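What follows is a single structure, written as structure tokens, with notes after it.
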Amino acid sequence: MTPLGEPAWAALVNQAFVIDEPVIDGLSPLLVLAPHPDDETLGCGGLIARAAQRGYRPRVAFLTDGDRSHVGSPTWPIDRLAETRRAEAKAALAILGVPEEDIVFLGWPDGDPCPPGGIDYEATMARLQTWTAPFRPW
């Protein structure tokens, strides 16, 4: 932790609360929207696992497939890296209790989000609404 980060960390700690069973019950149906693979696990893997253990079906939507996350890695070029990142996300979520049918990749370009109001943004919103319609997260 750097000195600059200490005040931010202290503020977050002061806002933290235990996610107990009634809170998890209140969060269902649960949708996790992750910018790219691994954000769902690092950011709320414990919540996903606990919700799945309680019999809920947490769903996860990824905006990107992380294809530009590791330039020069052994899985480069982009298409191989995207395939690897998607497979890793599915494997991690399976361990947390999320089956593949409860995962969607929305196809945004990594590092270049679609601006609100644009054609790609609106298409993503329509796809997300269609995908979530059967379970209606709030």
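Every chain in the structure tokens takes a letter, A first, then B, and so on in the order presented; its residues are numbered from 1, and the ligands are numbered from 1 following the presented order.
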Backbone-only DSSP, helix (DSSP H, G or I) members of chain A, as a ChimeraX atom specification
/A:6-15,21-27,39-53,78-96,100-102,119-132
At what distance in Å, to one decimal, does CA of Phe62 in chain A lie from CA of Leu33 in chain A?
6.0 Å
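Taking only C-alpha atoms into account, Gln129 in chain A lies nearest to A:Leu106 out of the set A:Ala94, A:Leu106, A:Leu12, A:Ala51.
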Residues of range 28-113 of chain A in strand (DSSP E or B), written as a VMD selection string
chain A and resid 31 to 34 59 to 64 103 to 108
Just the residues within 10 Å of Asp110 in chain A, please, counting only C-alpha atoms, with nothing from its chain fewer than 3 positions along; format it as a list in words.
Pro35, His36, Leu63, Thr64, Asp65, Gly66, Asp67, Arg68, Ser69, Ala82, Gly107, Pro113 and Cys114 of chain A
Using only C-alpha atoms, I'd like a table of the residues in range 17-72 of chain A that come within 6 Å of range 97-103 of chain A; for each, show the closest atom pair and its distance in Å rounded to one decimal, ordered by chain and ascending number, as a tab-separated table.
residue	atom	partner	partner_atom	distance
A:Ala52	CA	A:Gly97	CA	5.4
A:Arg59	CA	A:Asp102	CA	4.9
A:Val60	CA	A:Ile103	CA	4.9
A:Ala61	CA	A:Ile103	CA	5.8
Pick out the closest residue to Pro58 in chain A from this set: A:Leu27, A:Glu6, A:Gly117, A:Asp39. Count only C-alpha atoms.
A:Leu27
Select, from A:Ala87, A:Glu122, A:Trp131, A:Trp108, the residue with the minimum atom-to-atom distance to Asp38 in chain A, counting only C-alpha atoms.
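The shortest atom-to-atom distance to Asp38 in chain A comes from A:Ala87.
Across the model, the gap from CA of Arg127 in chain A to CA of Ala49 in chain A is 25.5 Å.
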Taking only C-alpha atoms into account, name the residue in A:Trp138, A:Trp9, A:Tyr56, A:Tyr121 that is nearest to Asp25 in chain A.
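Checking each of A:Trp138, A:Trp9, A:Tyr56, A:Tyr121 against Asp25 in chain A, counting only C-alpha atoms, the winner is A:Tyr56.
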My list of candidates is A:Arg80, A:Arg50, A:Arg57, A:Arg136. Which is closest to Glu21 in chain A when distances are computed with only C-alpha atoms?
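Of all the options, A:Arg50 lies closest to Glu21 in chain A.
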